[in-house]
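Shown next: query.txt, given as compact mmCIF, C-alpha atoms.
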# COMPACT_ATOMS: atom_id res chain seq x y z
CA MET A 1 71.52 76.76 87.75
CA PRO A 2 70.69 73.04 87.88
CA ARG A 3 71.12 71.36 91.24
CA VAL A 4 74.29 69.25 91.33
CA SER A 5 73.20 65.86 92.60
CA SER A 6 75.96 63.68 91.16
CA SER A 7 79.62 63.14 91.92
CA PRO A 8 82.40 62.40 89.42
CA ARG A 9 82.62 58.89 90.84
CA ASP A 10 78.88 58.33 90.36
CA LEU A 11 79.06 59.50 86.77
CA CYS A 12 82.17 57.47 85.98
CA ARG A 13 80.53 54.32 87.32
CA ALA A 14 77.33 54.99 85.42
CA ALA A 15 79.33 55.49 82.23
CA ARG A 16 81.18 52.22 82.73
CA ARG A 17 77.92 50.35 83.28
CA ALA A 18 76.48 51.85 80.09
CA ALA A 19 79.53 51.05 77.96
CA ASP A 20 78.82 49.59 74.51
CA ASP A 21 75.05 50.10 74.91
CA ILE A 22 73.72 53.17 73.12
CA ASN A 23 70.34 53.07 74.85
CA ALA A 24 72.02 52.96 78.24
CA ALA A 25 74.31 55.82 77.16
CA LEU A 26 71.29 57.90 76.21
CA GLY A 27 69.83 57.18 79.64
CA VAL A 28 72.99 58.43 81.34
CA ALA A 29 72.87 61.62 79.26
CA ALA A 30 69.25 62.22 80.20
CA GLU A 31 69.91 61.58 83.89
CA PHE A 32 73.16 63.46 84.38
CA GLY A 33 72.90 66.23 81.77
CA PRO A 34 70.79 68.55 83.95
CA ALA A 35 73.15 67.94 86.90
CA LEU A 36 76.11 69.64 85.21
CA PRO A 37 76.56 73.25 86.36
CA TYR A 38 76.49 75.82 83.59
CA PRO A 39 79.87 77.34 82.67
CA GLY A 40 80.75 80.82 83.84
CA ARG A 41 78.59 80.72 86.97
CA GLY A 42 81.12 79.79 89.62
CA GLN A 43 81.30 76.01 89.12
CA THR A 44 82.94 75.68 85.73
CA TRP A 45 85.63 73.29 86.98
CA ARG A 46 82.91 71.13 88.52
CA ARG A 47 81.26 70.88 85.09
CA TRP A 48 84.50 69.87 83.40
CA GLU A 49 85.38 67.48 86.23
CA LEU A 50 82.07 65.68 85.63
CA LEU A 51 82.62 65.55 81.87
CA ALA A 52 86.12 64.18 82.45
CA ALA A 53 84.70 61.53 84.77
CA ALA A 54 82.27 60.46 82.07
CA GLY A 55 85.15 60.30 79.58
CA ALA A 56 87.16 58.14 81.97
CA GLY A 57 84.21 55.79 82.34
CA ASP A 58 83.35 55.41 78.66
CA LEU A 59 83.90 57.80 75.77
CA THR A 60 80.75 56.77 73.93
CA VAL A 61 78.69 57.71 76.97
CA ALA A 62 80.62 60.97 77.39
CA ARG A 63 80.17 61.79 73.69
CA THR A 64 76.43 61.32 74.22
CA LEU A 65 76.29 63.38 77.40
CA GLU A 66 78.46 66.32 76.30
CA PRO A 67 76.29 67.71 73.45
CA HIS A 68 73.11 67.31 75.49
CA ALA A 69 74.68 69.22 78.39
CA ASP A 70 76.09 71.78 75.94
CA ALA A 71 72.64 72.38 74.44
CA LEU A 72 71.14 72.90 77.89
CA ALA A 73 73.87 75.43 78.70
CA ILE A 74 73.32 77.29 75.41
CA LEU A 75 69.58 77.49 76.01
CA SER A 76 70.19 78.78 79.53
CA GLU A 77 72.59 81.40 78.18
CA ALA A 78 69.85 82.52 75.78
CA GLY A 79 67.24 82.58 78.54
CA VAL A 80 65.22 79.81 76.90
CA ARG A 81 63.65 76.96 78.83
CA PRO A 82 64.42 73.64 77.11
CA ALA A 83 61.67 71.30 76.01
CA PRO A 84 61.82 67.86 77.66
CA GLY A 85 63.93 65.22 75.98
CA LEU A 86 67.43 64.73 74.67
CA TRP A 87 69.12 67.57 72.83
CA GLY A 88 71.98 67.82 70.37
CA VAL A 89 73.92 70.66 68.76
CA PHE A 90 74.33 70.60 64.97
CA ALA A 91 76.65 73.47 64.05
CA ALA A 92 79.16 71.94 61.61
CA GLU A 93 79.61 73.27 58.09
CA ALA A 94 80.86 71.43 55.01
CA SER A 95 81.43 72.35 51.39
CA GLY A 96 78.63 71.26 49.11
CA THR A 97 75.94 71.39 51.78
CA THR A 98 73.94 74.42 52.92
CA LEU A 99 71.15 74.86 55.41
CA THR A 100 69.13 78.03 55.01
CA ALA A 101 66.54 79.63 57.26
CA VAL A 102 63.60 81.47 55.71
CA GLU A 103 61.18 83.70 57.61
CA GLU A 104 57.59 84.10 56.44
CA SER A 105 55.00 86.02 58.47
CA GLY A 106 57.11 85.76 61.60
CA ARG A 107 57.63 82.00 61.28
CA TRP A 108 60.92 80.35 60.46
CA ARG A 109 61.54 77.22 58.38
CA LEU A 110 64.73 75.36 57.55
CA GLU A 111 65.62 74.15 54.07
CA GLY A 112 68.63 72.10 53.07
CA THR A 113 71.16 69.74 54.60
CA LYS A 114 73.19 69.86 57.78
CA PRO A 115 76.32 67.66 57.85
CA TRP A 116 77.90 65.85 60.79
CA CYS A 117 74.81 65.43 62.92
CA SER A 118 75.70 62.96 65.67
CA LEU A 119 72.97 60.77 67.17
CA ALA A 120 70.27 62.49 65.12
CA ARG A 121 68.03 59.44 64.99
CA TYR A 122 68.07 59.12 68.77
CA LEU A 123 67.49 62.75 69.79
CA ASP A 124 64.26 64.62 70.46
CA HIS A 125 65.48 68.14 69.67
CA ALA A 126 68.53 69.90 68.30
CA LEU A 127 70.04 73.35 68.25
CA VAL A 128 70.89 73.88 64.60
CA THR A 129 72.81 76.70 62.92
CA ALA A 130 71.50 77.91 59.55
CA HIS A 131 72.17 80.77 57.16
CA ALA A 132 69.57 83.54 57.08
CA ARG A 133 69.49 86.90 55.30
CA ASP A 134 70.76 88.68 58.40
CA GLY A 135 73.57 86.21 59.11
CA ARG A 136 74.15 82.83 60.66
CA ARG A 137 71.53 82.04 63.27
CA LEU A 138 70.75 79.35 65.80
CA PHE A 139 67.41 77.54 65.89
CA ALA A 140 65.69 75.04 68.14
CA VAL A 141 64.21 72.24 66.03
CA PRO A 142 62.07 69.24 66.99
CA LEU A 143 63.58 66.24 65.20
CA SER A 144 60.29 64.34 65.26
CA GLU A 145 58.93 66.54 62.43
CA SER A 146 58.05 64.58 59.27
CA SER A 147 60.04 67.16 57.28
CA VAL A 148 63.26 65.98 58.96
CA THR A 149 65.08 63.11 57.26
CA VAL A 150 68.09 61.48 58.87
CA GLU A 151 70.26 60.00 56.16
CA GLN A 152 70.88 56.27 56.41
CA ASP A 153 73.97 55.47 58.45
CA ARG A 154 77.25 55.10 56.58
CA TRP A 155 79.36 55.12 59.73
CA VAL A 156 82.25 52.65 59.34
CA ALA A 157 84.52 53.93 62.10
CA ARG A 158 85.99 51.45 64.57
CA GLY A 159 85.91 54.12 67.27
CA LEU A 160 82.66 55.50 68.72
CA GLN A 161 80.86 52.80 66.76
CA HIS A 162 77.43 53.50 68.22
CA LEU A 163 77.61 57.27 67.68
CA THR A 164 76.62 57.33 64.05
CA THR A 165 77.14 60.70 62.45
CA GLY A 166 75.87 61.90 59.11
CA PRO A 167 73.74 64.42 57.22
CA VAL A 168 70.23 65.47 58.19
CA HIS A 169 67.89 66.92 55.57
CA PHE A 170 65.32 69.60 56.40
CA ALA A 171 62.40 70.30 54.06
CA GLY A 172 60.51 73.33 55.36
CA THR A 173 61.01 72.28 58.96
CA PRO A 174 59.52 74.66 61.57
CA ALA A 175 62.22 76.23 63.73
CA VAL A 176 62.37 78.67 66.63
CA PRO A 177 65.23 81.21 66.65
CA VAL A 178 67.51 81.18 69.68
CA GLY A 179 69.31 84.48 70.19
CA ALA A 180 69.96 87.24 67.68
CA PRO A 181 71.81 86.88 64.36
CA GLN A 182 75.41 85.73 64.94
CA TRP A 183 74.63 85.26 68.64
CA TYR A 184 75.67 81.61 68.65
CA LEU A 185 79.22 82.44 67.53
CA ASP A 186 79.58 85.75 69.37
CA ARG A 187 78.26 84.72 72.80
CA PRO A 188 80.74 84.24 75.69
CA GLY A 189 79.94 80.53 76.03
CA PHE A 190 80.91 79.54 72.48
CA GLY A 191 84.54 78.86 73.31
CA TRP A 192 83.65 77.46 76.71
CA GLY A 193 81.66 74.68 75.07
CA GLY A 194 84.72 73.65 73.11
CA ILE A 195 86.68 73.35 76.34
CA GLY A 196 83.99 70.97 77.61
CA VAL A 197 84.88 68.63 74.75
CA ALA A 198 88.53 68.85 75.78
CA ALA A 199 87.54 67.86 79.32
CA VAL A 200 86.15 64.62 77.88
CA TRP A 201 89.42 64.00 76.01
CA PHE A 202 91.25 64.59 79.28
CA GLY A 203 89.11 62.01 81.07
CA GLY A 204 89.61 59.38 78.37
CA ALA A 205 93.38 59.90 78.41
CA ASN A 206 93.42 59.72 82.23
CA ALA A 207 91.83 56.28 82.03
CA ILE A 208 94.65 55.16 79.72
CA ARG A 209 97.18 56.58 82.18
CA ASP A 210 95.52 54.61 84.98
CA ARG A 211 95.65 51.44 82.86
CA LEU A 212 99.38 51.95 82.42
CA ILE A 213 99.87 52.38 86.18
CA ARG A 214 97.94 49.17 86.92
CA THR A 215 99.97 47.21 84.40
CA LEU A 216 103.32 48.43 85.69
CA THR A 217 102.43 47.74 89.33
CA GLU A 218 101.77 44.12 88.34
CA GLN A 219 105.17 43.82 86.65
CA THR A 220 108.76 44.63 87.42
CA PRO A 221 109.07 48.05 85.79
CA THR A 222 112.18 48.97 83.86
CA ASP A 223 113.84 52.37 83.64
CA VAL A 224 112.24 52.79 80.24
CA SER A 225 108.71 51.95 81.46
CA ARG A 226 109.14 54.29 84.43
CA MET A 227 110.16 57.05 82.04
CA GLN A 228 107.15 56.30 79.85
CA LEU A 229 104.79 56.51 82.82
CA GLY A 230 106.45 59.75 83.94
CA ALA A 231 106.01 61.27 80.50
CA VAL A 232 102.33 60.34 80.44
CA ASP A 233 101.77 61.65 83.95
CA VAL A 234 103.45 65.00 83.21
CA ALA A 235 101.40 65.42 80.05
CA GLN A 236 98.17 64.71 81.88
CA TYR A 237 99.13 66.93 84.80
CA GLY A 238 99.65 69.82 82.39
CA ALA A 239 96.30 69.18 80.73
CA GLY A 240 94.50 69.12 84.07
CA ALA A 241 96.24 72.29 85.22
CA SER A 242 95.25 74.02 81.99
CA LEU A 243 91.60 73.08 82.47
CA ARG A 244 91.58 74.21 86.11
CA ASP A 245 93.21 77.54 85.28
CA GLY A 246 90.72 78.06 82.45
CA ALA A 247 87.82 77.45 84.79
CA VAL A 248 89.19 80.08 87.20
CA GLN A 249 89.50 82.61 84.38
CA ILE A 250 85.99 81.94 83.10
CA ASP A 251 84.38 82.17 86.52
CA GLY A 252 86.42 85.31 87.23
CA GLY A 253 85.00 87.06 84.17
CA SER A 254 88.29 87.43 82.28
CA ALA A 255 87.55 84.97 79.45
CA GLU A 256 84.88 86.54 77.28
CA SER A 257 84.91 87.65 73.64
CA GLY A 258 88.38 87.40 72.09
CA ALA A 259 90.02 86.44 75.37
CA GLY A 260 87.62 83.52 75.71
CA ALA A 261 88.26 82.32 72.18
CA LEU A 262 92.03 82.44 72.71
CA LEU A 263 91.73 80.64 76.03
CA ALA A 264 89.61 77.90 74.47
CA ALA A 265 92.04 77.39 71.60
CA ARG A 266 94.99 77.18 73.97
CA ILE A 267 93.34 74.72 76.35
CA ARG A 268 92.10 72.48 73.56
CA ALA A 269 95.59 72.42 72.06
CA VAL A 270 97.21 71.58 75.40
CA VAL A 271 94.72 68.82 76.22
CA ALA A 272 94.76 67.33 72.72
CA ASP A 273 98.55 67.27 72.69
CA ALA A 274 98.59 65.56 76.10
CA ALA A 275 96.04 62.99 74.97
CA GLU A 276 98.00 62.26 71.78
CA ARG A 277 101.18 61.82 73.82
CA THR A 278 99.37 59.57 76.27
CA LEU A 279 98.03 57.38 73.47
CA GLY A 280 101.43 57.05 71.83
CA THR A 281 103.60 56.62 74.91
CA ALA A 282 101.21 54.29 76.74
CA GLY A 283 100.83 52.28 73.54
CA HIS A 284 104.59 51.75 73.38
CA ALA A 285 104.74 50.85 77.07
CA LEU A 286 101.80 48.44 77.05
CA GLY A 287 102.51 46.73 73.74
CA PRO A 288 99.91 44.92 71.63
CA ALA A 289 98.38 42.65 74.27
CA PRO A 290 95.75 45.02 75.77
CA LEU A 291 94.76 46.21 72.29
CA ALA A 292 94.26 42.59 71.25
CA PHE A 293 92.69 41.09 74.38
CA ASP A 294 91.31 43.85 76.62
CA GLU A 295 87.94 44.94 75.23
CA GLU A 296 87.57 48.03 77.42
CA HIS A 297 91.06 49.32 76.71
CA ALA A 298 90.94 48.62 72.98
CA ARG A 299 87.58 50.38 72.67
CA ARG A 300 88.82 53.38 74.67
CA VAL A 301 91.90 53.77 72.48
CA ALA A 302 89.88 53.58 69.26
CA ASP A 303 87.25 55.96 70.65
CA LEU A 304 89.79 58.53 71.81
CA GLN A 305 91.77 58.44 68.56
CA LEU A 306 88.64 59.27 66.58
CA TYR A 307 87.29 61.77 69.11
CA LEU A 308 90.55 63.73 69.02
CA ARG A 309 90.11 64.32 65.31
CA GLN A 310 87.54 66.95 66.29
CA HIS A 311 90.55 69.04 67.24
CA HIS A 312 91.64 71.32 64.42
CA GLY A 313 95.29 70.82 65.28
CA GLU A 314 97.68 72.91 63.23
CA ARG A 315 94.87 75.17 62.04
CA ASP A 316 94.08 76.17 65.64
CA LEU A 317 97.76 76.77 66.35
CA ALA A 318 97.94 79.03 63.31
CA ASP A 319 94.91 80.95 64.59
CA ILE A 320 96.56 81.37 67.98
CA GLY A 321 99.69 82.71 66.30
CA ALA A 322 97.65 85.11 64.16
CA THR A 323 95.84 86.38 67.25
CA LEU A 324 99.08 87.05 69.07
CA LEU A 325 100.62 88.84 66.09
CA SER A 326 97.59 91.07 65.64
CA ALA A 327 97.41 92.13 69.30
Would you mind writing the structure in this file as structure tokens?
Amino acid sequence: MPRVSSSPRDLCRAARRAADDINAALGVAAEFGPALPYPGRGQTWRRWELLAAAGAGDLTVARTLEPHADALAILSEAGVRPAPGLWGVFAAEASGTTLTAVEESGRWRLEGTKPWCSLARYLDHALVTAHARDGRRLFAVPLSESSVTVEQDRWVARGLQHLTTGPVHFAGTPAVPVGAPQWYLDRPGFGWGGIGVAAVWFGGANAIRDRLIRTLTEQTPTDVSRMQLGAVDVAQYGAGASLRDGAVQIDGGSAESGAGALLAARIRAVVADAAERTLGTAGHALGPAPLAFDEEHARRVADLQLYLRQHHGERDLADIGATLLSA
């Protein structure tokens, strides 16, 4: 387990200082990534607390830190020592694109395209899922290989503007398998990593809650604005309680396999719903002024709105319902 040498306050401050500077964000990821405890080893809440602190400081920084820390945790789970440098995780699938893995004489190579590869042009290595004859597998890939082509940026989003995301093309790229076939999806930590993303959402929404509190303490609050603050606070309290309870279950060994997947889906749904409510209710309470004149707040709102679209929403709720009905 990495030695924890940072506090949530330290990380939040570092994220704020690195805001709107991708190189500084990468530096925060490199510095703090190894300091996050691995999930399922007794300090899972500490890990999520640190990710939430990064999200409260700046969501671009947190979105840079989270996949690097996730990759380190995956490699640790597989018993693999990571190569130095910044890591990402490229596991998305999309229709019309396929990445295949071919083995020849004990050596693996990747052929094809991987969609939705965030920060690919800034990273040193990535954990990449690809389709092999024996199933979907995970591979460690050095992104400095000449056979790796990062497609030119077409990122037009107003949120997470520096975190360009797009396809990466592999043309016979050497790759090292990590785990057995299907291990990436079947391992206990798969769902836990998704909860780490929710912890970042939670932190970003908490910062919006804090902005609302500061604004109302500088004004004469009305009954309506008090109600709006109360609604935001209750939503965020529920999200935080869900994350803490999940950490207890994971560290207690009761959240593996199907139980872990169900737990992850529930927590992500609770946190995403709380963040959506916070965005909407705080937006009504604050009005247009901070979105028009407060750079930090406007960027945080745009970042969080886009980041939350990683949540599968109604599809995840349908999966939860199907799980319960099949039990």
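The spacing separating atom CA of A:Gln305 from atom CA of A:Asp233 amounts to 18.6 Å.
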Leaving out stretch 21-38 of chain A and any residue of its chain fewer than 6 positions from it, which residues lie within 10 Å of it when counting only C-alpha atoms, given as a PDB file with C-alpha atoms, keeping the file's coordinate frame?
ATOM      1  CA  MET A   1      71.520  76.760  87.750  1.00  0.00           C
ATOM      2  CA  PRO A   2      70.690  73.040  87.880  1.00  0.00           C
ATOM      3  CA  ARG A   3      71.120  71.360  91.240  1.00  0.00           C
ATOM      4  CA  VAL A   4      74.290  69.250  91.330  1.00  0.00           C
ATOM      5  CA  SER A   5      73.200  65.860  92.600  1.00  0.00           C
ATOM      6  CA  SER A   6      75.960  63.680  91.160  1.00  0.00           C
ATOM      7  CA  SER A   7      79.620  63.140  91.920  1.00  0.00           C
ATOM      8  CA  ASP A  10      78.880  58.330  90.360  1.00  0.00           C
ATOM      9  CA  LEU A  11      79.060  59.500  86.770  1.00  0.00           C
ATOM     10  CA  ALA A  14      77.330  54.990  85.420  1.00  0.00           C
ATOM     11  CA  ALA A  15      79.330  55.490  82.230  1.00  0.00           C
ATOM     12  CA  THR A  44      82.940  75.680  85.730  1.00  0.00           C
ATOM     13  CA  TRP A  45      85.630  73.290  86.980  1.00  0.00           C
ATOM     14  CA  ARG A  46      82.910  71.130  88.520  1.00  0.00           C
ATOM     15  CA  ARG A  47      81.260  70.880  85.090  1.00  0.00           C
ATOM     16  CA  TRP A  48      84.500  69.870  83.400  1.00  0.00           C
ATOM     17  CA  GLU A  49      85.380  67.480  86.230  1.00  0.00           C
ATOM     18  CA  LEU A  50      82.070  65.680  85.630  1.00  0.00           C
ATOM     19  CA  LEU A  51      82.620  65.550  81.870  1.00  0.00           C
ATOM     20  CA  ALA A  54      82.270  60.460  82.070  1.00  0.00           C
ATOM     21  CA  ASP A  58      83.350  55.410  78.660  1.00  0.00           C
ATOM     22  CA  LEU A  59      83.900  57.800  75.770  1.00  0.00           C
ATOM     23  CA  THR A  60      80.750  56.770  73.930  1.00  0.00           C
ATOM     24  CA  VAL A  61      78.690  57.710  76.970  1.00  0.00           C
ATOM     25  CA  ALA A  62      80.620  60.970  77.390  1.00  0.00           C
ATOM     26  CA  ARG A  63      80.170  61.790  73.690  1.00  0.00           C
ATOM     27  CA  THR A  64      76.430  61.320  74.220  1.00  0.00           C
ATOM     28  CA  LEU A  65      76.290  63.380  77.400  1.00  0.00           C
ATOM     29  CA  GLU A  66      78.460  66.320  76.300  1.00  0.00           C
ATOM     30  CA  PRO A  67      76.290  67.710  73.450  1.00  0.00           C
ATOM     31  CA  HIS A  68      73.110  67.310  75.490  1.00  0.00           C
ATOM     32  CA  ALA A  69      74.680  69.220  78.390  1.00  0.00           C
ATOM     33  CA  ASP A  70      76.090  71.780  75.940  1.00  0.00           C
ATOM     34  CA  ALA A  71      72.640  72.380  74.440  1.00  0.00           C
ATOM     35  CA  LEU A  72      71.140  72.900  77.890  1.00  0.00           C
ATOM     36  CA  ALA A  73      73.870  75.430  78.700  1.00  0.00           C
ATOM     37  CA  ILE A  74      73.320  77.290  75.410  1.00  0.00           C
ATOM     38  CA  SER A  76      70.190  78.780  79.530  1.00  0.00           C
ATOM     39  CA  GLU A  77      72.590  81.400  78.180  1.00  0.00           C
ATOM     40  CA  PRO A  84      61.820  67.860  77.660  1.00  0.00           C
ATOM     41  CA  GLY A  85      63.930  65.220  75.980  1.00  0.00           C
ATOM     42  CA  LEU A  86      67.430  64.730  74.670  1.00  0.00           C
ATOM     43  CA  TRP A  87      69.120  67.570  72.830  1.00  0.00           C
ATOM     44  CA  LEU A 119      72.970  60.770  67.170  1.00  0.00           C
ATOM     45  CA  TYR A 122      68.070  59.120  68.770  1.00  0.00           C
ATOM     46  CA  LEU A 123      67.490  62.750  69.790  1.00  0.00           C
ATOM     47  CA  GLN A 161      80.860  52.800  66.760  1.00  0.00           C
ATOM     48  CA  HIS A 162      77.430  53.500  68.220  1.00  0.00           C
ATOM     49  CA  LEU A 163      77.610  57.270  67.680  1.00  0.00           C
ATOM     50  CA  GLY A 189      79.940  80.530  76.030  1.00  0.00           C
TER      51      GLY A 189
END
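Taking atom CA of A:Arg158 and atom CA of A:Ile208 as the two end points, the separation is 17.8 Å.
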Please build the interface table for stretch 105-208 of chain A against stretch 241-259 of chain A with a cut-off of 8 Å, listing for each qualifying residue the nearest atom pair and the distance in Å to one decimal; count all atoms listed in the file, order rows by chain and increasing number, and write it as JSON lines.
{"residue": "A:Asp186", "atom": "CA", "partner": "A:Ser257", "partner_atom": "CA", "distance": 7.1}
{"residue": "A:Arg187", "atom": "CA", "partner": "A:Ser257", "partner_atom": "CA", "distance": 7.3}
{"residue": "A:Pro188", "atom": "CA", "partner": "A:Glu256", "partner_atom": "CA", "distance": 5.0}
{"residue": "A:Gly189", "atom": "CA", "partner": "A:Glu256", "partner_atom": "CA", "distance": 7.9}
{"residue": "A:Ile195", "atom": "CA", "partner": "A:Leu243", "partner_atom": "CA", "distance": 7.9}
{"residue": "A:Ala199", "atom": "CA", "partner": "A:Leu243", "partner_atom": "CA", "distance": 7.3}
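Here the question is which of A:Arg268, A:Arg109, A:His311, A:Arg17 gets nearest to A:Val141 using all atoms listed in the file, and that residue is A:Arg109.
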**Q.** A:Val301, A:Leu317, A:Ala327, A:Val148 ranked by distance to A:Leu160, top pick (using all atoms listed in the file)
**A.** A:Val301
Q) Using only C-alpha atoms, which residues sit within 8 Å of A:Thr278 once same-chain residues fewer than 2 positions away are excluded, as an MDAnalysis selection string? A) chainID A and resid 205 208:209 232 235:236 274:276 280:283
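With only C-alpha atoms as the basis for measurement, A:Ala269 is the residue among A:Ala269, A:Leu127, A:Ala180, A:Leu110 that approaches A:Ala318 most closely.
Atom CA of A:Ser105 is positioned 21.4 Å from atom CA of A:Gln182.
Shortest atom-to-atom contact with A:Lys114 among A:Gly79, A:Gly166, A:Pro174, A:Gly203: A:Gly166, counting all atoms listed in the file.
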Q. Which one is closest to A:Gly230: A:Ala285, A:Ala132, A:Thr97, A:Ala265? Count only C-alpha atoms.
A. A:Ala285
